Each structure stands twice: as C-alpha cells, then as structure tokens.
Amino acid sequence: MNLVLTFGVGCDCKHYALQMHAVLHASVATHDMFSISDIEYEELLEKLKNDQVKLIDVRMKDEIAELGCAAGSLSLPLPYLGDYLVLEPEHFLMTLGFPKPSEKDTIVTMCKAGSRARTAQLAFMGARYTNVRTYKGSFQDWTEKGGPMKQTQ
C-alpha cells in the first residue's frame, strides 16, 4: 500500500509553510504499521541507557521550559522539524548544537501526549529515516512513571 501525506510545517513567524510530501510504502495496513512502531516506557528507558536510540522531543521550547524534559532527549520542535531535517549535517550541528541523526539511527519521537509525536514520526519517515518509532504515552507517561529528567537552563 502507498500512503501519501502532505502537511505544512511552519517556519518562524513567517506567513508560509514548508510543505513536506511523504510517500510511505507499507505492506501492512496503516493501523498495523503504527502499532508495531510504538515503543513503551520500559523498552525506551533500556534503549536510552544503552545508547540505542535518539529520543526526539518535538514540543515547543516554552513547553520544555515549563514542564522539563526527559533525560537523554534532543529538542526538535515540530513546527521547524521539516526545516531541520533538510539541513546538511554541519549546518544542523551549528544550528542545534548536536549532531544530525543518521537516516539509519533508531529514532523515537515524543511530545506531551503523543499526537505530535506521530506527526513527527511520519515527517522522519518522509525524510527517508528507516527506523522511527513513537513513544505513544510521550512526556505525560514519562513523568507518571518517574522517568529521569534532564536539567534545563
């Protein structure tokens, strides 16, 4: 099955949007594709401890400042994700202060409750990332389960 998605990703305060066109090829039904790509707290925590995943927090900076963030997470706010994913690795590093994840890295997306994390998962997949999972419970689940927190400035 081919699944074609088009969604806008806003850029700064400008009045235009970066349009991402993602063609996802899947041999299973859409709901099966999503269910196998989710990750639960215990597995995520173990993979983070063993440096086996890149945990991408797509919440806005003000949300992170207010609520905090999971230890080991990297911030890529959803409205700018499309812009960041097309940057060359050296520009990504200069802009964000950490290396651009490889298309072969295992990526886990999270937000506050899970909806934006799913959108981010699809954006990564549309940018040719091959192993992208969603932490369905996201930050709410992380804090409810007492997940370790990163100190924020």
# chains A, B, ... in the order shown; residues from 1 in each chain; ligands from 1
$ closest_atom_pairs --of "range 97-143 of chain A" --to "range 60-81 of chain A" --cutoff "12 Å" --atoms "only C-alpha atoms" --output "JSON lines"
{"residue": "A:Gly97", "atom": "CA", "partner": "A:Leu74", "partner_atom": "CA", "distance": 9.9}
{"residue": "A:Phe98", "atom": "CA", "partner": "A:Leu74", "partner_atom": "CA", "distance": 8.3}
{"residue": "A:Pro99", "atom": "CA", "partner": "A:Leu74", "partner_atom": "CA", "distance": 10.2}
{"residue": "A:Lys100", "atom": "CA", "partner": "A:Leu74", "partner_atom": "CA", "distance": 10.4}
{"residue": "A:Pro101", "atom": "CA", "partner": "A:Leu74", "partner_atom": "CA", "distance": 10.2}
{"residue": "A:Ile107", "atom": "CA", "partner": "A:Leu74", "partner_atom": "CA", "distance": 10.6}
{"residue": "A:Val108", "atom": "CA", "partner": "A:Ser73", "partner_atom": "CA", "distance": 9.4}
{"residue": "A:Thr109", "atom": "CA", "partner": "A:Ser73", "partner_atom": "CA", "distance": 9.4}
{"residue": "A:Met110", "atom": "CA", "partner": "A:Ser73", "partner_atom": "CA", "distance": 9.0}
{"residue": "A:Cys111", "atom": "CA", "partner": "A:Met60", "partner_atom": "CA", "distance": 8.9}
{"residue": "A:Lys112", "atom": "CA", "partner": "A:Glu63", "partner_atom": "CA", "distance": 8.6}
{"residue": "A:Ser115", "atom": "CA", "partner": "A:Leu78", "partner_atom": "CA", "distance": 11.0}
{"residue": "A:Arg116", "atom": "CA", "partner": "A:Leu78", "partner_atom": "CA", "distance": 7.2}
{"residue": "A:Ala117", "atom": "CA", "partner": "A:Leu78", "partner_atom": "CA", "distance": 8.4}
{"residue": "A:Arg118", "atom": "CA", "partner": "A:Leu78", "partner_atom": "CA", "distance": 10.5}
{"residue": "A:Thr119", "atom": "CA", "partner": "A:Leu78", "partner_atom": "CA", "distance": 8.2}
{"residue": "A:Ala120", "atom": "CA", "partner": "A:Leu78", "partner_atom": "CA", "distance": 6.6}
{"residue": "A:Gln121", "atom": "CA", "partner": "A:Leu78", "partner_atom": "CA", "distance": 10.3}
{"residue": "A:Leu122", "atom": "CA", "partner": "A:Leu81", "partner_atom": "CA", "distance": 11.1}
{"residue": "A:Ala123", "atom": "CA", "partner": "A:Leu81", "partner_atom": "CA", "distance": 7.7}
{"residue": "A:Phe124", "atom": "CA", "partner": "A:Leu81", "partner_atom": "CA", "distance": 8.6}
{"residue": "A:Gly126", "atom": "CA", "partner": "A:Leu81", "partner_atom": "CA", "distance": 11.6}
{"residue": "A:Ala127", "atom": "CA", "partner": "A:Leu81", "partner_atom": "CA", "distance": 10.4}
{"residue": "A:Tyr135", "atom": "CA", "partner": "A:Ala70", "partner_atom": "CA", "distance": 11.9}
{"residue": "A:Ser138", "atom": "CA", "partner": "A:Ala70", "partner_atom": "CA", "distance": 9.7}
{"residue": "A:Phe139", "atom": "CA", "partner": "A:Ala70", "partner_atom": "CA", "distance": 7.4}
{"residue": "A:Gln140", "atom": "CA", "partner": "A:Leu67", "partner_atom": "CA", "distance": 10.0}
{"residue": "A:Asp141", "atom": "CA", "partner": "A:Ala70", "partner_atom": "CA", "distance": 10.8}
{"residue": "A:Trp142", "atom": "CA", "partner": "A:Ala70", "partner_atom": "CA", "distance": 7.3}
{"residue": "A:Thr143", "atom": "CA", "partner": "A:Ala70", "partner_atom": "CA", "distance": 8.3}
$ write_last_selection --atoms "C-alpha atoms" --output "short mmCIF file (atom, residue, chain, number, x, y, z; two decimals), in the first residue's frame"
data_model
loop_
_atom_site.label_atom_id
_atom_site.label_comp_id
_atom_site.auth_asym_id
_atom_site.auth_seq_id
_atom_site.Cartn_x
_atom_site.Cartn_y
_atom_site.Cartn_z
CA GLY A 97 24.27 22.16 18.92
CA PHE A 98 24.11 18.38 18.46
CA PRO A 99 24.85 16.06 15.53
CA LYS A 100 22.13 15.34 12.99
CA PRO A 101 20.76 11.83 13.47
CA ILE A 107 14.64 7.47 16.25
CA VAL A 108 11.94 7.68 18.93
CA THR A 109 9.61 10.68 18.83
CA MET A 110 7.82 12.13 21.84
CA CYS A 111 5.71 15.18 22.64
CA LYS A 112 3.39 15.94 25.56
CA SER A 115 -0.28 13.22 18.76
CA ARG A 116 2.57 15.48 17.63
CA ALA A 117 4.98 12.59 18.13
CA ARG A 118 3.07 10.60 15.49
CA THR A 119 3.22 13.55 13.08
CA ALA A 120 6.96 13.81 13.70
CA GLN A 121 7.35 10.07 13.08
CA LEU A 122 5.75 10.49 9.66
CA ALA A 123 7.96 13.51 8.91
CA PHE A 124 11.09 11.49 9.72
CA GLY A 126 9.15 11.04 4.72
CA ALA A 127 12.74 12.28 5.06
CA TYR A 135 6.62 6.87 22.34
CA SER A 138 5.08 10.59 25.50
CA PHE A 139 6.06 13.07 28.21
CA GLN A 140 2.92 12.52 30.32
CA ASP A 141 3.70 8.80 30.55
CA TRP A 142 7.39 9.52 31.19
CA THR A 143 6.63 11.73 34.19
#
$ select_by_dssp --residues "range 64-128 of chain A" --states "helix (DSSP H, G or I)" --output "ChimeraX atom specification"
/A:64-67,78-85,89-96,115-126
$ select_by_dssp --residues "range 87-132 of chain A" --states "strand (DSSP E or B)" --output "PyMOL selection string"
chain A and resi 106-110+131-132
